[in-house]
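K.L.:
Contents of final.txt (compact mmCIF, N, CA and C atoms) are given next:
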```
# COMPACT_ATOMS: atom_id res chain seq x y z
N MET A 29 33.87 -168.76 192.79
CA MET A 29 32.85 -169.68 192.34
C MET A 29 32.02 -170.11 193.54
N ALA A 30 30.70 -170.20 193.38
CA ALA A 30 29.80 -170.58 194.46
C ALA A 30 29.90 -172.07 194.75
N LYS A 31 29.75 -172.40 196.03
CA LYS A 31 29.79 -173.80 196.44
C LYS A 31 28.52 -174.50 195.94
N VAL A 32 28.69 -175.68 195.33
CA VAL A 32 27.56 -176.43 194.79
C VAL A 32 27.10 -177.45 195.83
N ASN A 33 25.80 -177.49 196.09
CA ASN A 33 25.24 -178.44 197.04
C ASN A 33 24.92 -179.74 196.29
N HIS A 34 25.66 -180.80 196.61
CA HIS A 34 25.52 -182.09 195.95
C HIS A 34 24.09 -182.64 196.09
N GLY A 35 23.52 -182.54 197.30
CA GLY A 35 22.17 -183.05 197.55
C GLY A 35 21.12 -182.34 196.71
N CYS A 36 21.27 -181.03 196.56
CA CYS A 36 20.31 -180.27 195.75
C CYS A 36 20.42 -180.62 194.27
N GLN A 37 21.64 -180.85 193.79
CA GLN A 37 21.82 -181.25 192.40
C GLN A 37 21.15 -182.60 192.13
N LEU A 38 21.33 -183.55 193.04
CA LEU A 38 20.68 -184.86 192.89
C LEU A 38 19.16 -184.69 192.89
N ALA A 39 18.64 -183.87 193.80
CA ALA A 39 17.20 -183.65 193.90
C ALA A 39 16.66 -183.02 192.61
N ASP A 40 17.38 -182.06 192.05
CA ASP A 40 16.96 -181.43 190.78
C ASP A 40 16.91 -182.44 189.65
N THR A 41 17.92 -183.32 189.59
CA THR A 41 17.97 -184.34 188.53
C THR A 41 16.79 -185.29 188.65
N VAL A 42 16.51 -185.75 189.87
CA VAL A 42 15.40 -186.68 190.09
C VAL A 42 14.07 -186.00 189.82
N LEU A 43 13.92 -184.74 190.25
CA LEU A 43 12.68 -184.01 189.99
C LEU A 43 12.41 -183.93 188.50
N ASP A 44 13.40 -183.58 187.70
CA ASP A 44 13.22 -183.51 186.25
C ASP A 44 12.82 -184.86 185.67
N ASN A 45 13.45 -185.94 186.15
CA ASN A 45 13.14 -187.27 185.65
C ASN A 45 11.70 -187.67 185.99
N LEU A 46 11.30 -187.43 187.24
CA LEU A 46 9.94 -187.79 187.64
C LEU A 46 8.90 -186.97 186.89
N LYS A 47 9.19 -185.69 186.70
CA LYS A 47 8.24 -184.79 186.05
C LYS A 47 8.10 -185.08 184.55
N TYR A 48 9.22 -185.19 183.86
CA TYR A 48 9.18 -185.28 182.40
C TYR A 48 9.17 -186.70 181.85
N GLN A 49 9.68 -187.66 182.59
CA GLN A 49 9.72 -189.03 182.10
C GLN A 49 8.66 -189.93 182.73
N HIS A 50 8.22 -189.60 183.95
CA HIS A 50 7.29 -190.48 184.66
C HIS A 50 5.96 -189.82 185.00
N ASP A 51 5.76 -188.59 184.54
CA ASP A 51 4.48 -187.88 184.66
C ASP A 51 4.00 -187.65 186.09
N TRP A 52 4.93 -187.46 187.04
CA TRP A 52 4.54 -187.13 188.40
C TRP A 52 4.07 -185.68 188.44
N THR A 53 3.19 -185.37 189.39
CA THR A 53 2.70 -184.00 189.57
C THR A 53 2.94 -183.58 191.02
N GLU A 54 2.68 -182.32 191.29
CA GLU A 54 2.80 -181.75 192.64
C GLU A 54 4.17 -182.01 193.26
N LEU A 55 5.21 -181.98 192.44
CA LEU A 55 6.58 -182.24 192.92
C LEU A 55 7.13 -181.04 193.66
N GLN A 56 7.81 -181.33 194.76
CA GLN A 56 8.47 -180.30 195.56
C GLN A 56 9.79 -180.85 196.06
N ILE A 57 10.79 -179.99 196.14
CA ILE A 57 12.03 -180.34 196.82
C ILE A 57 11.95 -179.73 198.21
N LEU A 58 12.11 -180.58 199.22
CA LEU A 58 12.00 -180.12 200.61
C LEU A 58 13.35 -180.24 201.30
N THR A 59 13.72 -179.20 202.02
CA THR A 59 14.93 -179.23 202.84
C THR A 59 14.57 -179.21 204.32
N HIS A 60 13.29 -178.90 204.63
CA HIS A 60 12.81 -178.86 206.00
C HIS A 60 11.49 -179.62 206.09
N SER A 61 11.24 -180.20 207.25
CA SER A 61 10.00 -180.94 207.48
C SER A 61 8.80 -180.00 207.34
N PRO A 62 7.77 -180.41 206.62
CA PRO A 62 6.59 -179.55 206.47
C PRO A 62 5.76 -179.46 207.76
N ILE A 63 6.00 -180.36 208.70
CA ILE A 63 5.25 -180.36 209.96
C ILE A 63 5.97 -179.54 211.03
N SER A 64 7.25 -179.85 211.27
CA SER A 64 7.97 -179.22 212.38
C SER A 64 8.95 -178.13 211.95
N SER A 65 9.17 -177.98 210.67
CA SER A 65 10.13 -177.03 210.11
C SER A 65 11.58 -177.34 210.49
N GLU A 66 11.82 -178.54 211.02
CA GLU A 66 13.19 -178.95 211.32
C GLU A 66 13.87 -179.34 210.01
N PRO A 67 15.18 -179.10 209.89
CA PRO A 67 15.86 -179.46 208.64
C PRO A 67 15.92 -180.97 208.45
N LEU A 68 15.70 -181.40 207.21
CA LEU A 68 15.87 -182.81 206.86
C LEU A 68 17.36 -183.07 206.72
N MET A 69 17.79 -184.33 206.87
CA MET A 69 19.23 -184.62 206.81
C MET A 69 19.80 -184.39 205.41
N ARG A 70 18.95 -184.39 204.40
CA ARG A 70 19.34 -184.05 203.03
C ARG A 70 18.08 -183.71 202.26
N PRO A 71 18.20 -182.99 201.14
CA PRO A 71 17.00 -182.64 200.38
C PRO A 71 16.25 -183.88 199.92
N MET A 72 14.93 -183.83 200.04
CA MET A 72 14.06 -184.91 199.59
C MET A 72 12.96 -184.32 198.74
N LEU A 73 12.30 -185.18 197.98
CA LEU A 73 11.20 -184.74 197.15
C LEU A 73 9.91 -185.37 197.63
N THR A 74 8.82 -184.66 197.40
CA THR A 74 7.50 -185.25 197.55
C THR A 74 6.79 -185.03 196.23
N GLY A 75 5.89 -185.94 195.92
CA GLY A 75 5.15 -185.80 194.68
C GLY A 75 4.07 -186.85 194.56
N LEU A 76 3.27 -186.69 193.53
CA LEU A 76 2.14 -187.58 193.28
C LEU A 76 2.39 -188.31 191.97
N PRO A 77 2.61 -189.64 192.04
CA PRO A 77 2.81 -190.40 190.81
C PRO A 77 1.49 -190.52 190.05
N PRO A 78 1.54 -190.89 188.76
CA PRO A 78 0.29 -191.00 187.99
C PRO A 78 -0.60 -192.15 188.45
N ARG A 79 -0.02 -193.15 189.11
CA ARG A 79 -0.80 -194.27 189.67
C ARG A 79 -0.08 -194.76 190.92
N ARG A 80 -0.78 -195.51 191.72
CA ARG A 80 -0.22 -196.00 192.98
C ARG A 80 1.02 -196.85 192.71
N LEU A 81 2.10 -196.58 193.46
CA LEU A 81 3.35 -197.32 193.29
C LEU A 81 3.35 -198.63 194.07
N TYR A 82 2.67 -198.64 195.20
CA TYR A 82 2.77 -199.78 196.09
C TYR A 82 1.41 -200.04 196.72
N VAL A 83 1.00 -201.30 196.72
CA VAL A 83 -0.24 -201.68 197.40
C VAL A 83 0.15 -202.59 198.55
N HIS A 84 -0.19 -202.18 199.77
CA HIS A 84 0.13 -202.96 200.96
C HIS A 84 -0.58 -204.31 200.87
N PRO A 85 0.06 -205.40 201.31
CA PRO A 85 -0.56 -206.73 201.23
C PRO A 85 -1.94 -206.81 201.88
N ASP A 86 -2.16 -206.10 202.99
CA ASP A 86 -3.48 -206.12 203.63
C ASP A 86 -4.53 -205.48 202.72
N ASP A 87 -4.15 -204.38 202.05
CA ASP A 87 -5.06 -203.72 201.11
C ASP A 87 -5.31 -204.60 199.90
N GLN A 88 -4.26 -205.26 199.44
CA GLN A 88 -4.38 -206.13 198.28
C GLN A 88 -5.38 -207.25 198.56
N ALA A 89 -5.27 -207.89 199.71
CA ALA A 89 -6.19 -208.98 200.06
C ALA A 89 -7.62 -208.47 200.17
N ALA A 90 -7.80 -207.30 200.79
CA ALA A 90 -9.14 -206.73 200.93
C ALA A 90 -9.74 -206.38 199.58
N MET A 91 -8.92 -205.87 198.66
CA MET A 91 -9.42 -205.50 197.33
C MET A 91 -9.84 -206.72 196.53
N VAL A 92 -9.08 -207.79 196.65
CA VAL A 92 -9.41 -209.01 195.91
C VAL A 92 -10.74 -209.58 196.41
N LYS A 93 -10.97 -209.52 197.73
CA LYS A 93 -12.20 -210.06 198.31
C LYS A 93 -13.39 -209.13 198.14
N SER A 94 -13.12 -207.86 197.92
CA SER A 94 -14.18 -206.86 197.88
C SER A 94 -14.93 -206.89 196.55
N SER A 95 -16.24 -206.73 196.65
CA SER A 95 -17.02 -206.62 195.42
C SER A 95 -17.07 -205.16 194.96
N ALA A 96 -16.48 -204.26 195.77
CA ALA A 96 -16.49 -202.84 195.44
C ALA A 96 -15.52 -202.50 194.32
N VAL A 97 -14.63 -203.45 194.00
CA VAL A 97 -13.66 -203.20 192.94
C VAL A 97 -14.22 -203.78 191.65
N PRO A 98 -14.71 -202.93 190.73
CA PRO A 98 -15.30 -203.44 189.50
C PRO A 98 -14.26 -204.07 188.59
N ASP A 99 -14.68 -205.07 187.85
CA ASP A 99 -13.85 -205.76 186.86
C ASP A 99 -12.60 -206.41 187.46
N GLY A 100 -12.57 -206.60 188.78
CA GLY A 100 -11.41 -207.22 189.41
C GLY A 100 -10.16 -206.35 189.36
N GLY A 101 -10.31 -205.09 188.94
CA GLY A 101 -9.16 -204.19 188.85
C GLY A 101 -8.70 -203.75 190.22
N ILE A 102 -7.44 -203.39 190.34
CA ILE A 102 -6.90 -202.95 191.62
C ILE A 102 -7.07 -201.45 191.75
N PHE A 103 -7.48 -201.03 192.92
CA PHE A 103 -7.66 -199.62 193.22
C PHE A 103 -6.39 -198.87 192.89
N ASP A 104 -6.50 -197.81 192.10
CA ASP A 104 -5.30 -197.20 191.53
C ASP A 104 -5.16 -195.71 191.85
N THR A 105 -5.76 -195.26 192.95
CA THR A 105 -5.62 -193.85 193.32
C THR A 105 -4.22 -193.63 193.88
N PRO A 106 -3.46 -192.71 193.30
CA PRO A 106 -2.09 -192.50 193.78
C PRO A 106 -2.04 -191.86 195.15
N GLU A 107 -0.94 -192.12 195.85
CA GLU A 107 -0.66 -191.51 197.15
C GLU A 107 0.60 -190.68 197.02
N VAL A 108 0.69 -189.62 197.81
CA VAL A 108 1.89 -188.80 197.82
C VAL A 108 3.07 -189.65 198.30
N GLU A 109 4.18 -189.58 197.59
CA GLU A 109 5.36 -190.37 197.91
C GLU A 109 6.51 -189.44 198.28
N TRP A 110 7.37 -189.92 199.18
CA TRP A 110 8.62 -189.25 199.53
C TRP A 110 9.73 -189.92 198.74
N VAL A 111 10.61 -189.13 198.15
CA VAL A 111 11.69 -189.67 197.32
C VAL A 111 13.03 -189.19 197.88
N LEU A 112 13.95 -190.14 198.07
CA LEU A 112 15.29 -189.85 198.56
C LEU A 112 16.28 -189.98 197.41
N PRO A 113 16.83 -188.86 196.90
CA PRO A 113 17.83 -188.95 195.84
C PRO A 113 19.18 -189.36 196.41
N ALA A 114 19.86 -190.27 195.72
CA ALA A 114 21.20 -190.73 196.16
C ALA A 114 22.02 -191.06 194.92
N HIS A 115 23.32 -190.88 195.04
CA HIS A 115 24.22 -191.25 193.95
C HIS A 115 24.69 -192.68 194.17
N ILE A 116 24.95 -193.40 193.11
CA ILE A 116 25.34 -194.81 193.19
C ILE A 116 26.62 -195.00 194.00
N ALA A 117 27.50 -194.00 194.03
CA ALA A 117 28.77 -194.12 194.74
C ALA A 117 28.64 -193.88 196.25
N GLU A 118 27.50 -193.37 196.68
CA GLU A 118 27.31 -193.12 198.11
C GLU A 118 27.22 -194.45 198.86
N LYS A 119 27.78 -194.46 200.05
CA LYS A 119 27.75 -195.64 200.91
C LYS A 119 26.65 -195.46 201.95
N TRP A 120 25.57 -196.20 201.81
CA TRP A 120 24.45 -196.11 202.73
C TRP A 120 24.50 -197.26 203.72
N THR A 121 24.13 -196.97 204.96
CA THR A 121 24.05 -197.99 206.01
C THR A 121 22.62 -198.03 206.53
N LEU A 122 22.29 -199.07 207.28
CA LEU A 122 20.96 -199.14 207.89
C LEU A 122 20.74 -197.96 208.83
N LYS A 123 21.82 -197.55 209.52
CA LYS A 123 21.73 -196.41 210.43
C LYS A 123 21.38 -195.13 209.66
N ALA A 124 21.99 -194.94 208.50
CA ALA A 124 21.70 -193.74 207.69
C ALA A 124 20.26 -193.76 207.18
N PHE A 125 19.78 -194.93 206.73
CA PHE A 125 18.39 -195.03 206.28
C PHE A 125 17.44 -194.78 207.45
N ALA A 126 17.78 -195.32 208.62
CA ALA A 126 16.94 -195.10 209.81
C ALA A 126 16.86 -193.61 210.15
N ALA A 127 17.96 -192.89 210.00
CA ALA A 127 17.96 -191.45 210.25
C ALA A 127 17.04 -190.72 209.27
N VAL A 128 17.04 -191.16 208.01
CA VAL A 128 16.13 -190.55 207.02
C VAL A 128 14.69 -190.80 207.42
N PHE A 129 14.35 -192.05 207.76
CA PHE A 129 12.98 -192.36 208.17
C PHE A 129 12.58 -191.58 209.42
N ASP A 130 13.51 -191.44 210.37
CA ASP A 130 13.22 -190.71 211.60
C ASP A 130 12.96 -189.23 211.33
N SER A 131 13.55 -188.69 210.27
CA SER A 131 13.37 -187.27 209.96
C SER A 131 12.05 -187.00 209.24
N LEU A 132 11.38 -188.05 208.77
CA LEU A 132 10.11 -187.86 208.06
C LEU A 132 8.97 -187.69 209.05
N PRO A 133 8.04 -186.80 208.77
CA PRO A 133 6.91 -186.61 209.69
C PRO A 133 5.92 -187.77 209.61
N ALA A 134 5.61 -188.37 210.73
CA ALA A 134 4.64 -189.47 210.78
C ALA A 134 3.23 -188.98 210.47
N GLU A 135 2.97 -187.72 210.72
CA GLU A 135 1.63 -187.16 210.52
C GLU A 135 1.19 -187.19 209.06
N LEU A 136 2.15 -187.29 208.14
CA LEU A 136 1.80 -187.28 206.72
C LEU A 136 1.44 -188.65 206.19
N SER A 137 1.62 -189.69 206.99
CA SER A 137 1.34 -191.05 206.54
C SER A 137 -0.16 -191.25 206.42
N THR A 138 -0.59 -191.91 205.33
CA THR A 138 -2.00 -192.21 205.15
C THR A 138 -2.43 -193.37 206.03
N HIS A 139 -1.47 -194.18 206.47
CA HIS A 139 -1.74 -195.31 207.36
C HIS A 139 -0.74 -195.25 208.52
N PRO A 140 -1.03 -194.50 209.59
CA PRO A 140 -0.06 -194.31 210.66
C PRO A 140 0.34 -195.59 211.38
N ASP A 141 -0.48 -196.66 211.28
CA ASP A 141 -0.17 -197.91 211.96
C ASP A 141 0.80 -198.78 211.16
N ARG A 142 1.17 -198.35 209.96
CA ARG A 142 2.07 -199.13 209.11
C ARG A 142 3.44 -198.46 209.04
N PRO A 143 4.46 -199.26 208.67
CA PRO A 143 5.79 -198.67 208.53
C PRO A 143 5.81 -197.60 207.45
N LYS A 144 6.63 -196.58 207.69
CA LYS A 144 6.82 -195.55 206.67
C LYS A 144 7.52 -196.16 205.47
N ARG A 145 7.37 -195.51 204.32
CA ARG A 145 8.10 -195.96 203.14
C ARG A 145 8.59 -194.75 202.37
N ILE A 146 9.68 -194.95 201.65
CA ILE A 146 10.21 -193.93 200.77
C ILE A 146 10.57 -194.59 199.46
N VAL A 147 10.76 -193.78 198.45
CA VAL A 147 11.27 -194.26 197.17
C VAL A 147 12.72 -193.78 197.09
N LEU A 148 13.64 -194.72 196.99
CA LEU A 148 15.05 -194.40 196.84
C LEU A 148 15.35 -194.23 195.36
N ALA A 149 15.79 -193.04 194.97
CA ALA A 149 16.15 -192.76 193.58
C ALA A 149 17.67 -192.80 193.48
N THR A 150 18.20 -193.86 192.88
CA THR A 150 19.65 -194.03 192.77
C THR A 150 20.10 -193.58 191.38
N ILE A 151 20.99 -192.60 191.37
CA ILE A 151 21.46 -192.00 190.13
C ILE A 151 22.84 -192.53 189.81
N HIS A 152 23.01 -193.01 188.59
CA HIS A 152 24.31 -193.51 188.12
C HIS A 152 25.04 -192.38 187.40
N ASP A 153 26.34 -192.56 187.18
CA ASP A 153 27.14 -191.53 186.51
C ASP A 153 26.64 -191.19 185.10
N ASP A 154 26.01 -192.15 184.43
CA ASP A 154 25.50 -191.89 183.08
C ASP A 154 24.10 -191.26 183.11
N SER A 155 23.65 -190.83 184.27
CA SER A 155 22.37 -190.18 184.57
C SER A 155 21.17 -191.14 184.52
N THR A 156 21.42 -192.44 184.47
CA THR A 156 20.34 -193.41 184.63
C THR A 156 19.85 -193.34 186.07
N ILE A 157 18.54 -193.40 186.26
CA ILE A 157 17.96 -193.37 187.61
C ILE A 157 17.14 -194.64 187.81
N VAL A 158 17.41 -195.34 188.90
CA VAL A 158 16.68 -196.55 189.26
C VAL A 158 15.94 -196.27 190.56
N TYR A 159 14.68 -196.69 190.64
CA TYR A 159 13.85 -196.42 191.80
C TYR A 159 13.57 -197.70 192.57
N TYR A 160 13.70 -197.62 193.91
CA TYR A 160 13.43 -198.74 194.81
C TYR A 160 12.47 -198.26 195.90
N VAL A 161 11.53 -199.11 196.30
CA VAL A 161 10.65 -198.80 197.42
C VAL A 161 11.28 -199.38 198.68
N LEU A 162 11.52 -198.53 199.69
CA LEU A 162 12.10 -198.95 200.96
C LEU A 162 11.09 -198.73 202.08
N HIS A 163 11.00 -199.69 202.99
CA HIS A 163 10.12 -199.58 204.15
C HIS A 163 10.95 -199.45 205.41
N ASP A 164 10.41 -198.74 206.38
CA ASP A 164 11.02 -198.62 207.69
C ASP A 164 10.46 -199.73 208.56
N GLY A 165 11.07 -200.88 208.49
CA GLY A 165 10.60 -202.03 209.25
C GLY A 165 10.27 -203.19 208.33
N ILE A 166 9.67 -204.20 208.92
CA ILE A 166 9.37 -205.41 208.18
C ILE A 166 7.95 -205.34 207.65
N VAL A 167 7.78 -205.67 206.39
CA VAL A 167 6.47 -205.70 205.75
C VAL A 167 6.34 -207.08 205.11
N LYS A 168 5.20 -207.72 205.36
CA LYS A 168 5.03 -209.05 204.78
C LYS A 168 4.98 -208.92 203.26
N PRO A 169 5.46 -209.95 202.55
CA PRO A 169 5.53 -209.87 201.08
C PRO A 169 4.15 -209.84 200.45
N ARG A 170 4.10 -209.24 199.27
CA ARG A 170 2.85 -209.21 198.52
C ARG A 170 2.54 -210.60 197.98
N GLN A 171 1.28 -210.82 197.75
CA GLN A 171 0.85 -212.09 197.15
C GLN A 171 0.59 -211.86 195.67
N ASN A 172 1.10 -212.75 194.85
CA ASN A 172 0.87 -212.63 193.39
C ASN A 172 -0.32 -213.40 192.96
```
Taking this structure as input, can you express it in the form of structure tokens?

P.N.:
Amino acid sequence: MAKVNHGCQLADTVLDNLKYQHDWTELQILTHSPISSEPLMRPMLTGLPPRRLYVHPDDQAAMVKSSAVPDGGIFDTPEVEWVLPAHIAEKWTLKAFAAVFDSLPAELSTHPDRPKRIVLATIHDDSTIVYYVLHDGIVKPRQN
């Protein structure tokens, strides 16, 4: 029997969920950095959500003040997101998350002066998936 890669199975499950339940496009499972071709510490996904997942507080303040945003609506152009699949039973530490952030290419960030972010996809035994936005560093809270 062939050895099953746990990380790839998690990535496949999350890819299917994002594609068929959340309407993401341009999904890819990556095992190597697209910039340096160095192996990532575990398989990750990249993809384009149907709308922006996170608006940085500085962008939020600028949009509210800007007359360029018609009807007071928030700019909703999606950005490519990195997704880290994980099982609920896995024990994650700050050091492990730091290693994941360090393995991501900074060149792909749309705002290189800001902390990197990933979407943590936590899979439960009943195949429920919960998504969390994680930042590499401190980010001031959003204003409601």

K.L.:
Please list, as a tab-separated table (two decimals) with N, CA and C atoms, keeping the file's coordinate frame, the residues that have an atom at most 12 Å away from (22.0, -185.2, 188.6) in the coordinates of this file, counting only C-alpha atoms.

P.N.:
```tsv
chain	number	residue	atom	x	y	z
A	33	ASN	N	25.80	-177.49	196.09
A	33	ASN	CA	25.24	-178.44	197.04
A	33	ASN	C	24.92	-179.74	196.29
A	34	HIS	N	25.66	-180.80	196.61
A	34	HIS	CA	25.52	-182.09	195.95
A	34	HIS	C	24.09	-182.64	196.09
A	35	GLY	N	23.52	-182.54	197.30
A	35	GLY	CA	22.17	-183.05	197.55
A	35	GLY	C	21.12	-182.34	196.71
A	36	CYS	N	21.27	-181.03	196.56
A	36	CYS	CA	20.31	-180.27	195.75
A	36	CYS	C	20.42	-180.62	194.27
A	37	GLN	N	21.64	-180.85	193.79
A	37	GLN	CA	21.82	-181.25	192.40
A	37	GLN	C	21.15	-182.60	192.13
A	38	LEU	N	21.33	-183.55	193.04
A	38	LEU	CA	20.68	-184.86	192.89
A	38	LEU	C	19.16	-184.69	192.89
A	39	ALA	N	18.64	-183.87	193.80
A	39	ALA	CA	17.20	-183.65	193.90
A	39	ALA	C	16.66	-183.02	192.61
A	40	ASP	N	17.38	-182.06	192.05
A	40	ASP	CA	16.96	-181.43	190.78
A	40	ASP	C	16.91	-182.44	189.65
A	41	THR	N	17.92	-183.32	189.59
A	41	THR	CA	17.97	-184.34	188.53
A	41	THR	C	16.79	-185.29	188.65
A	42	VAL	N	16.51	-185.75	189.87
A	42	VAL	CA	15.40	-186.68	190.09
A	42	VAL	C	14.07	-186.00	189.82
A	43	LEU	N	13.92	-184.74	190.25
A	43	LEU	CA	12.68	-184.01	189.99
A	43	LEU	C	12.41	-183.93	188.50
A	44	ASP	N	13.40	-183.58	187.70
A	44	ASP	CA	13.22	-183.51	186.25
A	44	ASP	C	12.82	-184.86	185.67
A	45	ASN	N	13.45	-185.94	186.15
A	45	ASN	CA	13.14	-187.27	185.65
A	45	ASN	C	11.70	-187.67	185.99
A	113	PRO	N	16.83	-188.86	196.90
A	113	PRO	CA	17.83	-188.95	195.84
A	113	PRO	C	19.18	-189.36	196.41
A	114	ALA	N	19.86	-190.27	195.72
A	114	ALA	CA	21.20	-190.73	196.16
A	114	ALA	C	22.02	-191.06	194.92
A	115	HIS	N	23.32	-190.88	195.04
A	115	HIS	CA	24.22	-191.25	193.95
A	115	HIS	C	24.69	-192.68	194.17
A	116	ILE	N	24.95	-193.40	193.11
A	116	ILE	CA	25.34	-194.81	193.19
A	116	ILE	C	26.62	-195.00	194.00
A	149	ALA	N	15.79	-193.04	194.97
A	149	ALA	CA	16.15	-192.76	193.58
A	149	ALA	C	17.67	-192.80	193.48
A	150	THR	N	18.20	-193.86	192.88
A	150	THR	CA	19.65	-194.03	192.77
A	150	THR	C	20.10	-193.58	191.38
A	151	ILE	N	20.99	-192.60	191.37
A	151	ILE	CA	21.46	-192.00	190.13
A	151	ILE	C	22.84	-192.53	189.81
A	152	HIS	N	23.01	-193.01	188.59
A	152	HIS	CA	24.31	-193.51	188.12
A	152	HIS	C	25.04	-192.38	187.40
A	153	ASP	N	26.34	-192.56	187.18
A	153	ASP	CA	27.14	-191.53	186.51
A	153	ASP	C	26.64	-191.19	185.10
A	154	ASP	N	26.01	-192.15	184.43
A	154	ASP	CA	25.50	-191.89	183.08
A	154	ASP	C	24.10	-191.26	183.11
A	155	SER	N	23.65	-190.83	184.27
A	155	SER	CA	22.37	-190.18	184.57
A	155	SER	C	21.17	-191.14	184.52
A	156	THR	N	21.42	-192.44	184.47
A	156	THR	CA	20.34	-193.41	184.63
A	156	THR	C	19.85	-193.34	186.07
A	157	ILE	N	18.54	-193.40	186.26
A	157	ILE	CA	17.96	-193.37	187.61
A	157	ILE	C	17.14	-194.64	187.81
```

K.L.:
What's around Pro67 (chain A) at 8 Å? Count all atoms listed in the file, leave out sequence neighbours fewer than 6 positions away in its own chain, and write the answer as a PyMOL selection string.

P.N.:
chain A and resi 58-61+131

K.L.:
Mind working out the centre and edge lengths of an axis-aligned box for region 126-133 of chain A, all listed atoms inside, 5 Å added to each side, rounded to one decimal in Å and written as JSON?

P.N.:
```
{"center_x": 11.9, "center_y": -191.0, "center_z": 209.3, "size_x": 22.0, "size_y": 18.7, "size_z": 14.6}
```

K.L.:
To one decimal place in Å, what is the distance between CA of Pro77 (chain A) and CA of Leu55 (chain A)?

P.N.:
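Straight-line distance from CA of Pro77 (chain A) to CA of Leu55 (chain A) works out to 9.2 Å.
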
K.L.:
Would you work out the distance separating CA of Asp51 (chain A) from atom N of Ala117 (chain A), expressed in Å to one decimal?

P.N.:
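Between CA of Asp51 (chain A) and atom N of Ala117 (chain A) the gap is 25.6 Å.
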
K.L.:
In Å, how far is it from CA of Lys119 (chain A) to CA of Ile57 (chain A)?

P.N.:
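CA of Lys119 (chain A) sits 22.3 Å away from CA of Ile57 (chain A).
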
K.L.:
Give me the region 29-83 of chain A side of the contact with region 105-108 of chain A, cut-off 8 Å, one line per residue showing its nearest atom pair and distance in Å at one decimal, counting only N, CA and C atoms, sorted by chain and residue number, as CSV.

P.N.:
```
residue,atom,partner,partner_atom,distance
A:Thr74,C,A:Val108,C,6.3
A:Gly75,C,A:Val108,CA,4.4
A:Leu76,CA,A:Val108,CA,4.7
A:Pro77,N,A:Glu107,C,5.5
A:Pro78,C,A:Pro106,CA,5.5
A:Arg79,C,A:Pro106,CA,4.2
A:Arg80,N,A:Pro106,CA,3.9
A:Leu81,N,A:Pro106,CA,5.9
A:Tyr82,N,A:Glu107,N,7.5
```

K.L.:
Taking only C-alpha atoms into account, which of A:Ala127, A:Leu162, A:Thr53, A:Met69 comes nearest Val111 (chain A)?

P.N.:
A:Leu162

K.L.:
Using only N, CA and C atoms, pick whichever of A:Lys123, A:His163, A:Lys168, A:His50 has the shortest atom-to-atom distance to Ile146 (chain A).

P.N.:
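Using only N, CA and C atoms, the shortest distance to Ile146 (chain A) belongs to A:His163.
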